[in-house]
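Below you'll find the structure, written out as structure tokens, and then a few comments.
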2 protein chains.
Amino acid sequence: MLGRTNIVSLAEALRLLRKHQPPCPGRVVSVPLEEALNRVCAKDILSPEDLPPYPRSTMDGYAVRARDTFGASEGLPAYLEISGEVQMGEYPETGPSPGTCHTIATGGILPPGTDGVVMLEHTVTVDGQMIEVVKPVAAGDNIINTGDDIRKDGVLLSQGQLLRPQELGLLAGLGIENVIVFGIVRVGIISTGDEIVSFNESPPPGKIRDMNAINLAALVRNANGRPHFHGITHDDEQDLTDMVSEALAANDLVLLSGSSSVGTRDLGERVIEKMGPPGILLHGVAIRPGKPVIIARAADRMIFGLPGHPVSAAVAFDLFVKPVLKQLSGLASDGLPEYRTVDASLMRNLNSTSGRTDFIRIRLEKQDSGEIGAIPVLGKSGALSTMVKAQGYLIIEEHQQGLREGEMVEVRLFD
Amino acid sequence: MLGRTNIVSLAEALRLLRKHQPPCPGRVVSVPLEEALNRVCAKDILSPEDLPPYPRSTMDGYAVRARDTFGASEGLPAYLEISGEVQMGEYPETGPSPGTCHTIATGGILPPGTDGVVMLEHTVTVDGQMIEVVKPVAAGDNIINTGDDIRKDGVLLSQGQLLRPQELGLLAGLGIENVIVFGIVRVGIISTGDEIVSFNESPPPGKIRDMNAINLAALVRNANGRPHFHGITHDDEQDLTDMVSEALAANDLVLLSGSSSVGTRDLGERVIEKMGPPGILLHGVAIRPGKPVIIARAADRMIFGLPGHPVSAAVAFDLFVKPVLKQLSGLASDGLPEYRTVDASLMRNLNSTSGRTDFIRIRLEKQDSGEIGAIPVLGKSGALSTMVKAQGYLIIEEHQQGLREGEMVEVRLFD
């Protein structure tokens with residue numbers, strides 16, 4: 001047997017990756033709230049005030065003393081005079097006297113002396129001045145008290161939390177206009193290979209356009225990273241060394257595309273080893289497609305050599321680069337599944353070689369039965385069109401010999 | 001019973017919405033490939049050329065005439081002289097003579113006369129000049145032929161397809177530098193209510209900061225829309241009329257936040273009806289939270305009146321606004337689940353009122369058993385902090401009385 005040596009299993013590759021991947025570099029930046037969506041909170045934020053600042057109604061109805069409604073029922077309603085109205089946006093200085101109530105809308109501030117709100121639906125108006133309450137309330141019913149939502153000086157958001165729409169809303173509600181977030185992970189991309197020209201050039205015979213730089217940049221963007229394309233380098237050791245050095249200095253992570261094919265493989269390995277220890281962690285994983293991946297680390301930067309085939313590159317990105325990007329982003333682990341999945345019924349038999357993890361592209365199609373069918377998209381691993389037809393992929397584990405038609409399978413959806 | 005009338009079930013609300021929602025407005029724009037990620041293809045794209053343009057190797061190995069390897073085995077290998085090498089990036093003008101082979105790398109162009117590639121792994125080198133082939137190949141093995149990936153003039157991408165990383169890679173590979181996409185859906189946002197001040201103002205007693213505008217803008221962005229905030233209007237009919245008219249003229253869709261609370265409810269209804277037919281489709285849905293939603297259409301624009309409570313607003317956005325945004329974006333339906341879901345084990349009993357669909361916020365937590373536990377985040381519906389603690393929500397259907405601890409439930413994750 002010639003060919004690649006030192007090929008490791010997927011499990012071993014993931015173990016090595018977890019062991020060696022560097023932590024979040026901890027660069028922080030302050031951004032206005034309007035630009036903070038999907039950024040990662042870099043330090044705990046304490047609440048500057050109570051939320052709500054006053055007790056408020058959570059229903060449309062009448063602000064009352066709860067004890068005035070005690071025992072009320074359809075048969076024996078409590079009668080309360082309407083002695084006023086809470087205006088939205090006004091702080092009520094005076095409240096109703098005992099035995100009377102004030103009209104209040106959702107969000108209105110509870111007037112002094114009252115401790116609950118009777119919902120409109122549980123009242124009957126006798127005339128403009130008087131209501132019948134047909135269901136009692138307890139103190140605290142249908143109101144939200146001062147600080148019930150957030151206490152002053154309580155931890156509002158923790159370091160590592162993703163800023164989703166609701167986090168931004170909460171910060172706005174407390175008047176926090178800027179937020180300290182971790183820097184977006186910078187990812188350098190280098191295309192390699194004598195046969196590659198830029199996608200906006202017309203390739204002479206024998207050359208092909210670079211499809212990987214744009215594909216990888218988009219994968220990086222979808223994973224909340226910031227791609228920077230450093231260019232195409234041909235198979236020249238000095239050029240590649242210079243470009244990788246430059247990319248390492250300017251980014252948190254570097255992706256070499258195509259560097260693991262036979263022409264540039266040794267070159268890629270040599271150049272990566274020059275970048276300093278610990279160097280190459282692995283070269284080759286027992287997966288198909290995606291086998292000829294290089295994973296390396298130089299000081300606190302990861303370097304990935306991704307296969308030139310776009311399909312292989314996409315699988316390797318999903319498996320190895322995404323988790324590193326996530327850790328570098330500073331996002332705290334939430335223990336949830338990393339992938340969006342759909343359960344589907346496999347529409348044909350699939351064979352697989354034991355000792356290798358296979359990734360099968362899948363097109364999903366709703367069947368007449370209402371069930372979702374998983375249709376394998378077969379084709380050469382170099383065929384990008386198979387990726388375009390697919391919505392996701394399924395995994396045939398190392399120990400499995402294949403899968404049978406009709407089996408329920410878990411399909412990982414592409415982002 | 002006082003209170004709202006004409007409340008419809010969730011199913012009826014969704015039926016009305018599907019019946020009345022307008023199609024994609026069909027604005028198109030040409031964008032460079034680097035800016036086309038997650039846009040929607042607006043017209044079919046035909047391939048300008050065959051991909052690959054020449055037959056290429058998909059493996060590292062030797063380009064051969066397949067018949068020269070016929071019957072080869074470990075015991076009886078075929079001997080082939082290495083008579084040349086395919087250089088990456090070069091178009092081979094001459095090929096090996098019968099009985100000989102050329103070294104070729106993955107991606108190399110098949111030299112004239114050859115019709116297959118023997119993998120490196122299935123050969124033994126005798127010396128620098130000669131190999132033993134220990135496994136035969138058939139014509140076409142380990143190569144991808146001209147046009148195997150994409151045929152010239154074949155449909156590359158169809159109208160309505162989302163431009164994912166792989167679609168961009170494919171377009172780059174074919175030298176397509178710009179792509180016609182649908183315009184991003186423009187969503188106007190108006191905050192209403194006498195009690196609301198901008199989040200960057202210090203609210204006087206009785207007023208609160210606007211948390212909805214920022215929350216809704218972020219929800220719109222995450223759904224690939226472009227939010228435009230038109231401002232805060234107090235409960236003045238002329239102001240609100242002017243602002244809604246302006247927002248309708250400038251956007252594909254308008255969101256009014258807070259307009260369905262009692263203070264502004266009639267006002268919101270009146271103003272929306274003024275915008276023209278067909279007008280209000282429904283006011284009030286039997287869901288909790290989120291009940292006081294208004295769904296309306298004026299000419300070809302949808303108007304949503306969303307509850308002022310941030311939690312209710314988020315639920316109403318997810319249920320009603322997102323599907324409309326998706327249709328307006330021009331995205332073709334792929335028949336896949338609209339939501340990212342996780343199956344989890346419910347960690348406590350939940351009661352519910354029949355006849356109403358309940359949305360319970362859920363925090364997910366990995367249990368010692370490895371199972372994912374769904375922990376209901378209980379709290380007042382006005383409490384935004386409950387949204388911050390939650391990763392998603394579960395639905396208790398109208399006909400269900402509740403759910404039992406230990407039941408497996410499907411949790412919809414927030415985006």
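Every chain in the structure tokens takes a letter, A first, then B, and so on in the order presented; its residues are numbered from 1, and the ligands are numbered from 1 following the presented order.
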
Could you give me, as a PDB file with C-alpha atoms, in the first residue's frame, the residues within 12 Å of Ile294 (chain B), counting only C-alpha atoms and dropping anything in the same chain fewer than 2 positions from it?
```pdb
ATOM      1  CA  ARG B   4     -62.458  41.377  22.746  1.00  0.00           C
ATOM      2  CA  ASN B   6     -64.151  37.917  17.058  1.00  0.00           C
ATOM      3  CA  ILE B   7     -61.188  36.055  18.461  1.00  0.00           C
ATOM      4  CA  VAL B   8     -60.247  33.258  16.062  1.00  0.00           C
ATOM      5  CA  ALA B  13     -55.716  32.738  11.759  1.00  0.00           C
ATOM      6  CA  LEU B  17     -53.109  34.594   6.541  1.00  0.00           C
ATOM      7  CA  VAL B 254     -45.502  47.256   8.224  1.00  0.00           C
ATOM      8  CA  LEU B 255     -45.326  46.291  11.881  1.00  0.00           C
ATOM      9  CA  LEU B 256     -47.109  48.391  14.500  1.00  0.00           C
ATOM     10  CA  SER B 257     -45.891  47.597  17.960  1.00  0.00           C
ATOM     11  CA  GLY B 258     -48.169  48.192  20.909  1.00  0.00           C
ATOM     12  CA  SER B 259     -51.122  49.326  18.863  1.00  0.00           C
ATOM     13  CA  SER B 260     -53.314  46.514  20.084  1.00  0.00           C
ATOM     14  CA  SER B 261     -53.361  47.499  23.768  1.00  0.00           C
ATOM     15  CA  ARG B 265     -56.501  49.569  20.169  1.00  0.00           C
ATOM     16  CA  ASP B 266     -59.459  51.341  18.636  1.00  0.00           C
ATOM     17  CA  GLY B 268     -54.916  51.350  15.634  1.00  0.00           C
ATOM     18  CA  GLU B 269     -57.972  49.634  14.143  1.00  0.00           C
ATOM     19  CA  ARG B 270     -59.382  52.915  12.826  1.00  0.00           C
ATOM     20  CA  ILE B 272     -55.475  50.619   9.642  1.00  0.00           C
ATOM     21  CA  GLU B 273     -58.994  50.559   8.148  1.00  0.00           C
ATOM     22  CA  GLY B 279     -58.511  46.033   5.690  1.00  0.00           C
ATOM     23  CA  ILE B 280     -58.461  44.105   8.933  1.00  0.00           C
ATOM     24  CA  LEU B 281     -58.510  40.328   8.446  1.00  0.00           C
ATOM     25  CA  LEU B 282     -58.573  39.477  12.119  1.00  0.00           C
ATOM     26  CA  HIS B 283     -58.146  41.052  15.509  1.00  0.00           C
ATOM     27  CA  GLY B 284     -57.347  38.615  18.276  1.00  0.00           C
ATOM     28  CA  VAL B 285     -56.149  35.008  18.146  1.00  0.00           C
ATOM     29  CA  GLY B 290     -49.873  36.927  21.784  1.00  0.00           C
ATOM     30  CA  LYS B 291     -53.658  37.153  21.743  1.00  0.00           C
ATOM     31  CA  PRO B 292     -54.229  40.818  20.843  1.00  0.00           C
ATOM     32  CA  ALA B 296     -54.570  43.431   8.046  1.00  0.00           C
ATOM     33  CA  ARG B 297     -53.921  44.031   4.387  1.00  0.00           C
ATOM     34  CA  MET B 302     -49.626  43.492   4.979  1.00  0.00           C
ATOM     35  CA  ILE B 303     -49.957  45.403   8.250  1.00  0.00           C
ATOM     36  CA  PHE B 304     -49.480  43.654  11.573  1.00  0.00           C
ATOM     37  CA  GLY B 305     -50.493  45.149  14.889  1.00  0.00           C
ATOM     38  CA  LEU B 306     -48.296  43.325  17.393  1.00  0.00           C
ATOM     39  CA  PRO B 307     -48.837  43.239  21.160  1.00  0.00           C
ATOM     40  CA  GLY B 308     -46.771  45.669  23.194  1.00  0.00           C
ATOM     41  CA  ALA B 313     -44.734  40.221  20.157  1.00  0.00           C
ATOM     42  CA  ALA B 316     -46.818  36.676  17.094  1.00  0.00           C
ATOM     43  CA  PHE B 317     -43.795  37.517  14.926  1.00  0.00           C
ATOM     44  CA  PHE B 320     -47.564  35.274  11.547  1.00  0.00           C
ATOM     45  CA  VAL B 321     -44.881  37.654  10.297  1.00  0.00           C
TER      46      VAL B 321
END
```

All residues 6 Å or closer to region 71-85 of chain A, only C-alpha atoms, same chain fewer than 2 positions away omitted, as a VMD selection string:
chain A and resid 69 99 to 103 129 to 136

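Closest approach to Glu177 (chain B) among A:Thr353, A:Thr233, A:Asn38, A:Ser198 is made by A:Ser198 (distances from only C-alpha atoms).
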
How close does each residue of chain B get to chain A, giving the shortest atom pair and distance in Å to one decimal for every residue with an atom at most 6 Å away, counting only C-alpha atoms, sorted by chain and residue number, as JSON lines?
```
{"residue": "B:Met1", "atom": "CA", "partner": "A:Glu121", "partner_atom": "CA", "distance": 5.6}
{"residue": "B:Leu2", "atom": "CA", "partner": "A:Glu121", "partner_atom": "CA", "distance": 5.4}
{"residue": "B:Gly3", "atom": "CA", "partner": "A:Glu121", "partner_atom": "CA", "distance": 5.6}
{"residue": "B:Met88", "atom": "CA", "partner": "A:Glu195", "partner_atom": "CA", "distance": 5.4}
{"residue": "B:Gly89", "atom": "CA", "partner": "A:Glu195", "partner_atom": "CA", "distance": 3.4}
{"residue": "B:Glu90", "atom": "CA", "partner": "A:Gly206", "partner_atom": "CA", "distance": 4.5}
{"residue": "B:Tyr91", "atom": "CA", "partner": "A:Gly206", "partner_atom": "CA", "distance": 4.2}
{"residue": "B:Ala105", "atom": "CA", "partner": "A:Val262", "partner_atom": "CA", "distance": 5.8}
{"residue": "B:Glu121", "atom": "CA", "partner": "A:Leu2", "partner_atom": "CA", "distance": 5.4}
{"residue": "B:Asp149", "atom": "CA", "partner": "A:Ala383", "partner_atom": "CA", "distance": 5.0}
{"residue": "B:Pro165", "atom": "CA", "partner": "A:Asn215", "partner_atom": "CA", "distance": 4.8}
{"residue": "B:Gln166", "atom": "CA", "partner": "A:Asn215", "partner_atom": "CA", "distance": 5.8}
{"residue": "B:Glu167", "atom": "CA", "partner": "A:Val388", "partner_atom": "CA", "distance": 6.0}
{"residue": "B:Gly169", "atom": "CA", "partner": "A:Met211", "partner_atom": "CA", "distance": 4.6}
{"residue": "B:Ala172", "atom": "CA", "partner": "A:Met211", "partner_atom": "CA", "distance": 5.1}
{"residue": "B:Gly173", "atom": "CA", "partner": "A:Met211", "partner_atom": "CA", "distance": 4.8}
{"residue": "B:Gly175", "atom": "CA", "partner": "A:Phe199", "partner_atom": "CA", "distance": 5.4}
{"residue": "B:Asp194", "atom": "CA", "partner": "A:Gly89", "partner_atom": "CA", "distance": 5.3}
{"residue": "B:Glu195", "atom": "CA", "partner": "A:Gly89", "partner_atom": "CA", "distance": 3.4}
{"residue": "B:Phe199", "atom": "CA", "partner": "A:Ala172", "partner_atom": "CA", "distance": 5.2}
{"residue": "B:Asn200", "atom": "CA", "partner": "A:Gly175", "partner_atom": "CA", "distance": 5.7}
{"residue": "B:Pro205", "atom": "CA", "partner": "A:Tyr91", "partner_atom": "CA", "distance": 5.7}
{"residue": "B:Gly206", "atom": "CA", "partner": "A:Tyr91", "partner_atom": "CA", "distance": 4.2}
{"residue": "B:Lys207", "atom": "CA", "partner": "A:Gly89", "partner_atom": "CA", "distance": 4.8}
{"residue": "B:Arg209", "atom": "CA", "partner": "A:Gly173", "partner_atom": "CA", "distance": 5.2}
{"residue": "B:Met211", "atom": "CA", "partner": "A:Gly169", "partner_atom": "CA", "distance": 4.6}
{"residue": "B:Ile214", "atom": "CA", "partner": "A:Gly169", "partner_atom": "CA", "distance": 5.7}
{"residue": "B:Asn215", "atom": "CA", "partner": "A:Gly169", "partner_atom": "CA", "distance": 4.6}
{"residue": "B:Ala218", "atom": "CA", "partner": "A:Pro165", "partner_atom": "CA", "distance": 5.0}
{"residue": "B:Leu219", "atom": "CA", "partner": "A:Pro165", "partner_atom": "CA", "distance": 5.8}
{"residue": "B:Val262", "atom": "CA", "partner": "A:Ala105", "partner_atom": "CA", "distance": 5.8}
{"residue": "B:Ala383", "atom": "CA", "partner": "A:Asp149", "partner_atom": "CA", "distance": 5.0}
{"residue": "B:Ser385", "atom": "CA", "partner": "A:Asp149", "partner_atom": "CA", "distance": 5.8}
{"residue": "B:Val388", "atom": "CA", "partner": "A:Glu167", "partner_atom": "CA", "distance": 6.0}
```

Prev. selection, N, CA and C atoms, output as a JSON list (two decimals), in the first residue's frame:
```json
[["chain", "number", "residue", "atom", "x", "y", "z"],
["B", 1, "MET", "N", -69.87, 38.63, 29.29],
["B", 1, "MET", "CA", -68.47, 38.74, 28.86],
["B", 1, "MET", "C", -68.24, 40.02, 28.05],
["B", 2, "LEU", "N", -67.37, 40.87, 28.61],
["B", 2, "LEU", "CA", -66.93, 42.01, 27.81],
["B", 2, "LEU", "C", -65.66, 41.60, 27.08],
["B", 3, "GLY", "N", -64.82, 42.57, 26.80],
["B", 3, "GLY", "CA", -63.51, 42.26, 26.22],
["B", 3, "GLY", "C", -63.62, 42.07, 24.73],
["B", 88, "MET", "N", -0.36, 19.68, -13.05],
["B", 88, "MET", "CA", -1.54, 20.42, -12.67],
["B", 88, "MET", "C", -1.53, 21.76, -13.39],
["B", 89, "GLY", "N", -2.69, 22.14, -13.92],
["B", 89, "GLY", "CA", -2.79, 23.44, -14.56],
["B", 89, "GLY", "C", -2.31, 23.43, -15.99],
["B", 90, "GLU", "N", -1.95, 22.25, -16.49],
["B", 90, "GLU", "CA", -1.55, 22.19, -17.90],
["B", 90, "GLU", "C", -2.49, 21.28, -18.66],
["B", 91, "TYR", "N", -2.71, 21.64, -19.92],
["B", 91, "TYR", "CA", -3.56, 20.83, -20.77],
["B", 91, "TYR", "C", -2.67, 19.83, -21.49],
["B", 105, "ALA", "N", -2.63, 13.71, -10.72],
["B", 105, "ALA", "CA", -3.10, 14.07, -9.39],
["B", 105, "ALA", "C", -4.60, 14.36, -9.45],
["B", 121, "GLU", "N", -3.39, 3.84, -4.34],
["B", 121, "GLU", "CA", -3.51, 2.76, -3.35],
["B", 121, "GLU", "C", -3.60, 1.38, -3.99],
["B", 149, "ASP", "N", -20.65, 17.32, -14.25],
["B", 149, "ASP", "CA", -21.16, 18.11, -13.13],
["B", 149, "ASP", "C", -22.33, 18.96, -13.62],
["B", 165, "PRO", "N", -23.71, 28.82, 0.44],
["B", 165, "PRO", "CA", -22.30, 28.82, 0.04],
["B", 165, "PRO", "C", -22.04, 27.96, -1.21],
["B", 166, "GLN", "N", -22.68, 26.81, -1.31],
["B", 166, "GLN", "CA", -22.40, 25.93, -2.45],
["B", 166, "GLN", "C", -22.90, 26.51, -3.77],
["B", 167, "GLU", "N", -24.03, 27.23, -3.75],
["B", 167, "GLU", "CA", -24.52, 27.86, -4.97],
["B", 167, "GLU", "C", -23.52, 28.94, -5.43],
["B", 169, "GLY", "N", -20.32, 28.99, -4.82],
["B", 169, "GLY", "CA", -19.15, 28.28, -5.34],
["B", 169, "GLY", "C", -19.37, 27.82, -6.77],
["B", 172, "ALA", "N", -19.24, 30.75, -9.12],
["B", 172, "ALA", "CA", -17.84, 31.18, -9.29],
["B", 172, "ALA", "C", -17.13, 30.24, -10.26],
["B", 173, "GLY", "N", -17.37, 28.95, -10.11],
["B", 173, "GLY", "CA", -16.71, 27.96, -10.97],
["B", 173, "GLY", "C", -17.05, 28.17, -12.44],
["B", 175, "GLY", "N", -17.67, 31.19, -13.67],
["B", 175, "GLY", "CA", -17.28, 32.55, -14.06],
["B", 175, "GLY", "C", -18.42, 33.55, -14.04],
["B", 194, "ASP", "N", -48.64, 56.19, 24.35],
["B", 194, "ASP", "CA", -48.32, 57.43, 25.07],
["B", 194, "ASP", "C", -47.22, 57.24, 26.09],
["B", 195, "GLU", "N", -47.01, 55.98, 26.54],
["B", 195, "GLU", "CA", -46.06, 55.74, 27.62],
["B", 195, "GLU", "C", -44.64, 55.47, 27.12],
["B", 199, "PHE", "N", -35.37, 54.33, 23.45],
["B", 199, "PHE", "CA", -34.55, 53.60, 24.42],
["B", 199, "PHE", "C", -33.33, 54.41, 24.87],
["B", 200, "ASN", "N", -32.93, 55.40, 24.07],
["B", 200, "ASN", "CA", -31.77, 56.19, 24.49],
["B", 200, "ASN", "C", -32.17, 57.51, 25.17],
["B", 205, "PRO", "N", -41.13, 59.78, 35.10],
["B", 205, "PRO", "CA", -42.02, 58.85, 35.81],
["B", 205, "PRO", "C", -43.24, 58.51, 34.96],
["B", 206, "GLY", "N", -43.57, 57.22, 34.92],
["B", 206, "GLY", "CA", -44.75, 56.78, 34.17],
["B", 206, "GLY", "C", -44.45, 56.34, 32.75],
["B", 207, "LYS", "N", -43.31, 56.76, 32.24],
["B", 207, "LYS", "CA", -42.95, 56.36, 30.87],
["B", 207, "LYS", "C", -41.98, 55.17, 30.92],
["B", 209, "ARG", "N", -39.00, 52.88, 28.38],
["B", 209, "ARG", "CA", -38.23, 52.89, 27.15],
["B", 209, "ARG", "C", -38.80, 51.87, 26.16],
["B", 211, "MET", "N", -38.64, 48.94, 24.04],
["B", 211, "MET", "CA", -37.78, 47.77, 23.83],
["B", 211, "MET", "C", -38.22, 47.00, 22.59],
["B", 214, "ILE", "N", -36.28, 47.70, 18.76],
["B", 214, "ILE", "CA", -34.99, 47.02, 18.56],
["B", 214, "ILE", "C", -35.17, 45.50, 18.48],
["B", 215, "ASN", "N", -36.06, 44.98, 19.32],
["B", 215, "ASN", "CA", -36.36, 43.55, 19.29],
["B", 215, "ASN", "C", -36.94, 43.15, 17.93],
["B", 218, "ALA", "N", -34.42, 43.29, 15.06],
["B", 218, "ALA", "CA", -33.50, 42.14, 15.09],
["B", 218, "ALA", "C", -34.20, 40.87, 14.58],
["B", 219, "LEU", "N", -35.46, 40.69, 14.94],
["B", 219, "LEU", "CA", -36.21, 39.54, 14.43],
["B", 219, "LEU", "C", -36.31, 39.62, 12.90],
["B", 262, "VAL", "N", -55.25, 48.40, 25.01],
["B", 262, "VAL", "CA", -56.57, 49.02, 25.07],
["B", 262, "VAL", "C", -56.54, 50.50, 24.73],
["B", 383, "ALA", "N", -42.62, 39.82, 31.12],
["B", 383, "ALA", "CA", -41.25, 39.75, 31.60],
["B", 383, "ALA", "C", -40.32, 39.31, 30.48],
["B", 385, "SER", "N", -37.22, 39.05, 30.69],
["B", 385, "SER", "CA", -36.16, 38.19, 31.23],
["B", 385, "SER", "C", -36.47, 36.72, 30.99],
["B", 388, "VAL", "N", -35.07, 35.75, 27.76],
["B", 388, "VAL", "CA", -33.61, 35.70, 27.77],
["B", 388, "VAL", "C", -33.15, 34.35, 28.34]]
```

Excluding Ser329 (chain B) and any residue of its chain fewer than 2 positions from it, enumerate the residues within 6 Å of it, using only C-alpha atoms, and give them as an NGL selection string.
:B and (24 or 185 or 326-327 or 331)

Please dump the current selection as a PDB file, in the first residue's frame; keep N, CA and C atoms.
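Result saved to selection27.pdb:
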```
ATOM      1  N   CYS B  24     -44.576  37.594  -3.692  1.00  0.00           N
ATOM      2  CA  CYS B  24     -43.332  38.362  -3.768  1.00  0.00           C
ATOM      3  C   CYS B  24     -43.515  39.541  -4.724  1.00  0.00           C
ATOM      4  N   VAL B 185     -36.726  42.055   1.532  1.00  0.00           N
ATOM      5  CA  VAL B 185     -38.044  42.525   1.972  1.00  0.00           C
ATOM      6  C   VAL B 185     -37.859  43.685   2.959  1.00  0.00           C
ATOM      7  N   LYS B 326     -41.169  35.348   4.430  1.00  0.00           N
ATOM      8  CA  LYS B 326     -40.583  34.321   3.575  1.00  0.00           C
ATOM      9  C   LYS B 326     -41.215  34.359   2.189  1.00  0.00           C
ATOM     10  N   GLN B 327     -42.544  34.468   2.145  1.00  0.00           N
ATOM     11  CA  GLN B 327     -43.209  34.505   0.839  1.00  0.00           C
ATOM     12  C   GLN B 327     -42.828  35.762   0.069  1.00  0.00           C
ATOM     13  N   LEU B 331     -38.595  33.263  -1.921  1.00  0.00           N
ATOM     14  CA  LEU B 331     -38.038  31.938  -1.676  1.00  0.00           C
ATOM     15  C   LEU B 331     -39.065  30.870  -2.038  1.00  0.00           C
TER      16      LEU B 331
END
```

Need to verify the contact set: Asp141 (chain B), 9 Å, only C-alpha atoms, exclusion of same-chain residues closer than 3 positions in sequence. Can you return it as a list in words?
Ser57, Thr58, Ala66, Asp115, Gly116, Val117, Val118, Val137, Ala138 and Ile144 of chain B

Keeping only C-alpha atoms, write those residues as an mmCIF file, in the first residue's frame.
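Now in out-v7.cif:
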```cif
data_model
loop_
_atom_site.group_PDB
_atom_site.id
_atom_site.type_symbol
_atom_site.label_atom_id
_atom_site.label_comp_id
_atom_site.auth_asym_id
_atom_site.auth_seq_id
_atom_site.Cartn_x
_atom_site.Cartn_y
_atom_site.Cartn_z
ATOM 1 C CA SER B 57 -9.145 12.754 -12.414
ATOM 2 C CA THR B 58 -10.945 12.520 -9.075
ATOM 3 C CA ALA B 66 -8.870 0.747 -18.720
ATOM 4 C CA ASP B 115 -10.267 6.602 -20.057
ATOM 5 C CA GLY B 116 -9.726 5.846 -16.380
ATOM 6 C CA VAL B 117 -7.486 6.410 -13.374
ATOM 7 C CA VAL B 118 -5.920 3.701 -11.206
ATOM 8 C CA VAL B 137 -10.419 -0.195 -13.474
ATOM 9 C CA ALA B 138 -13.341 0.159 -15.882
ATOM 10 C CA ILE B 144 -15.303 13.073 -13.972
#
```
